[in-house]
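K.L.:
Got a structure for you, questions after.
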Amino acid sequence: MARSGSHHAPRIALERTVSAIASARRAVVADRYAINAFAVEWRWLSELIPIADDWRDLAARALEPNVFYEPGFALAAAAVFGDGAGAVLVWSGTQPRKLLGFFPARISQRRYGLKLPLLLGWTHPYGPLGTPLVERDAAEPVIGAWLAHLAENPALPGLVLLPLIAEDGPVAAALGRNLRRAQMPWADFGRHRRALLEPGDDRAHYLEQTLTVHRYREFQRSGRRLADLGALLFTASREPVAVLAEIEDFLMLEASGWKGKAGSAAASSDDRRGFFKTAVAALAAEGKVQIDRLLLDGKSIAAAVTLLSGAGAWYWKIAYDEKFARYAPGMLLTAALTEQLAEDEAIARTDSCAAPGNATLDPIWGERLSLCDRLIAVRPTARFGFACRLERARRAAISAAKGLRARLRAQR
């Protein structure tokens, strides 16, 4: 035992030293960025093109990456999903000024069917994450400056709802410390967990470790049965030219299936199709899109779109040819991509972007991302208790309606 303790002592001491240095560095940076040293402003999303370079630089330095809030994606989405949306921008007070915080939101004058102004963090059906972009080395003072601006600006609502933030992430932690210091009340709603791929240090043979023996053999059997039909090939592309060509395969496959019939496929409307292709093209130019395909005799029968930023990845979209549903081509492609992502040491975690209980990803990916919607009162006059009661009632009504629809479908 003594030998074991002496073996680990240098490592523990080193970790403590590194932690102390990091804490001291953060303190120095925080002193440099005192709350009153910031310049804070509100701008509409349509006005943000001139600051795209500053915005892109911030995304590269963000405490938590969020590809859906990067200019390549967000500017394309704003044209379709950004009506009434803008962002609170936090700038350094020094020259040349530096963008340190990006907090996109929409001002909603009504909530719960009542006149109750609310600053609602900006998400949409194609952007399933609401974690704002904040400077890695000055997260707490930047968030503090944002909260102070909201509290002091009467043109903005006194209630804030941040949807889909990573509950256990460093941004939520820094936000919580600011709220406690400022004595601003908050409450979390809609807690849920979705599939996450976070292999840690042991990256080899991820599927074999995560899947049951029965499920792993099922994958192998499906692959063999599909290979009996023709030449089977998995491909992955990140080069912009290849991505732009192969995104058409995804759009075609998605439109050919149930989403096309329901009118919810990206290609079902010109606006959504335009947004989709514009966002993918902008991110692909920065090397932030990967297209994976499963080919049978040279024809795509499954395609997936993964978005990348920093050490993060998002398994954004997948579609497959439903004529081959019995062979589970979507699951086979997901399994192949899972092994690839797990072995890529440049990617720390991949967000599934899926609903909780996803039948494809939950059995394959062993980790979970905890998300919540955080309601904050930034001013004492805000009707926080009233808003909390209404929020609980609203969510209970939505849950009851979903349960009723599920029961009705089961009876058909």
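Chain identifiers are assigned as A, B, and so on, following the order in which chains appear in the structure tokens; residues are numbered from 1 within each chain, and ligands are numbered from 1 in order of appearance.
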List the neighbours of Gly223 in chain A out to 9 Å using only C-alpha atoms; skip same-chain residues closer than 6 positions along the sequence, and give me the result as a PDB file with N, CA and C atoms, in the first residue's frame.

P.N.:
```pdb
ATOM      1  N   LEU A 232     -20.938  -3.623 -50.307  1.00  0.00           N
ATOM      2  CA  LEU A 232     -21.259  -2.713 -49.209  1.00  0.00           C
ATOM      3  C   LEU A 232     -20.031  -1.869 -48.891  1.00  0.00           C
ATOM      4  N   TYR A 327     -32.987  -4.381 -42.973  1.00  0.00           N
ATOM      5  CA  TYR A 327     -31.553  -4.598 -42.763  1.00  0.00           C
ATOM      6  C   TYR A 327     -30.940  -3.538 -41.829  1.00  0.00           C
ATOM      7  N   ALA A 328     -31.766  -2.624 -41.341  1.00  0.00           N
ATOM      8  CA  ALA A 328     -31.320  -1.580 -40.395  1.00  0.00           C
ATOM      9  C   ALA A 328     -30.108  -0.805 -40.895  1.00  0.00           C
ATOM     10  N   PRO A 329     -30.168  -0.216 -42.102  1.00  0.00           N
ATOM     11  CA  PRO A 329     -28.997   0.514 -42.609  1.00  0.00           C
ATOM     12  C   PRO A 329     -28.631   1.723 -41.765  1.00  0.00           C
ATOM     13  N   LEU A 332     -26.670   0.430 -38.837  1.00  0.00           N
ATOM     14  CA  LEU A 332     -25.330  -0.007 -39.257  1.00  0.00           C
ATOM     15  C   LEU A 332     -24.412   1.188 -39.481  1.00  0.00           C
TER      16      LEU A 332
END
```

K.L.:
Do a neighbour search on range 121-123 of chain A at 7 Å with only C-alpha atoms, toss out local chain neighbours closer than 4 positions, and write the hits as an mmCIF file with C-alpha atoms, in the first residue's frame.

P.N.:
```cif
data_model
loop_
_atom_site.group_PDB
_atom_site.id
_atom_site.type_symbol
_atom_site.label_atom_id
_atom_site.label_comp_id
_atom_site.auth_asym_id
_atom_site.auth_seq_id
_atom_site.Cartn_x
_atom_site.Cartn_y
_atom_site.Cartn_z
ATOM 1 C CA PRO A 104 -28.852 34.899 -28.585
ATOM 2 C CA ALA A 105 -32.500 35.285 -27.616
ATOM 3 C CA ARG A 106 -35.954 36.346 -28.706
ATOM 4 C CA GLY A 127 -30.659 23.926 -33.327
ATOM 5 C CA PRO A 128 -31.186 21.675 -30.273
ATOM 6 C CA LEU A 129 -28.742 23.316 -27.837
ATOM 7 C CA GLY A 130 -28.999 26.676 -26.054
ATOM 8 C CA LEU A 161 -35.580 31.486 -19.939
ATOM 9 C CA LEU A 162 -32.492 29.674 -21.235
ATOM 10 C CA PRO A 163 -33.638 26.472 -22.967
#
```

K.L.:
With only C-alpha atoms as the basis for distance, which of A:Ala173, A:Ala204, A:Ile107, A:Leu307 is at the shortest distance from Leu156 in chain A?

P.N.:
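So, comparing all the options, the nearest one is A:Ile107.
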
K.L.:
Please extract the residues of range 170-200 of chain A with a backbone DSSP assignment of helix (DSSP H, G or I) and present them as a ChimeraX atom specification.

P.N.:
/A:170-182

K.L.:
Using C-alpha atoms, can you write the selected residues to a file as a CSV table (one decimal), in the first residue's frame?

P.N.:
```csv
chain,number,residue,atom,x,y,z
A,170,PRO,CA,-19.1,24.7,-17.0
A,171,VAL,CA,-21.3,27.5,-18.4
A,172,ALA,CA,-24.2,26.4,-16.2
A,173,ALA,CA,-21.8,26.2,-13.2
A,174,ALA,CA,-20.5,29.7,-13.9
A,175,LEU,CA,-24.0,31.0,-14.4
A,176,GLY,CA,-25.1,29.4,-11.1
A,177,ARG,CA,-22.2,31.1,-9.2
A,178,ASN,CA,-23.2,34.5,-10.6
A,179,LEU,CA,-26.9,34.0,-9.7
A,180,ARG,CA,-26.0,33.1,-6.1
A,181,ARG,CA,-23.8,36.1,-5.8
A,182,ALA,CA,-26.4,38.5,-7.3
```

K.L.:
If we count only C-alpha atoms and set the cut-off at 12 Å, which residues sit around Pro185 in chain A, ignoring sequence neighbours fewer than 5 positions away in its own chain? Please answer as a ChimeraX atom specification.

P.N.:
/A:158-160,175-180,374-385,387-388

K.L.:
Which residue gives the smallest distance to Ala242 in chain A among A:Gly82, A:Pro50, A:Gly287, A:Gly101, with only C-alpha atoms counted?

P.N.:
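Under the stated criterion, the closest residue is A:Gly287.
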
K.L.:
Between A:Ala60, A:Ala77, A:Ala155, A:Leu89, which one has atoms that come closest to Pro117 in chain A, using only C-alpha atoms?

P.N.:
A:Ala155

K.L.:
If you measure from CA of Val134 in chain A to CA of Ala62 in chain A, what distance in Å do you get, rounded to one decimal?

P.N.:
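Calculated distance between CA of Val134 in chain A and CA of Ala62 in chain A is 5.2 Å.
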
K.L.:
Counting only C-alpha atoms, which residue out of A:Lys323, A:His124, A:His205, A:Arg191 sits closest to Gly257 in chain A?

P.N.:
A:Lys323
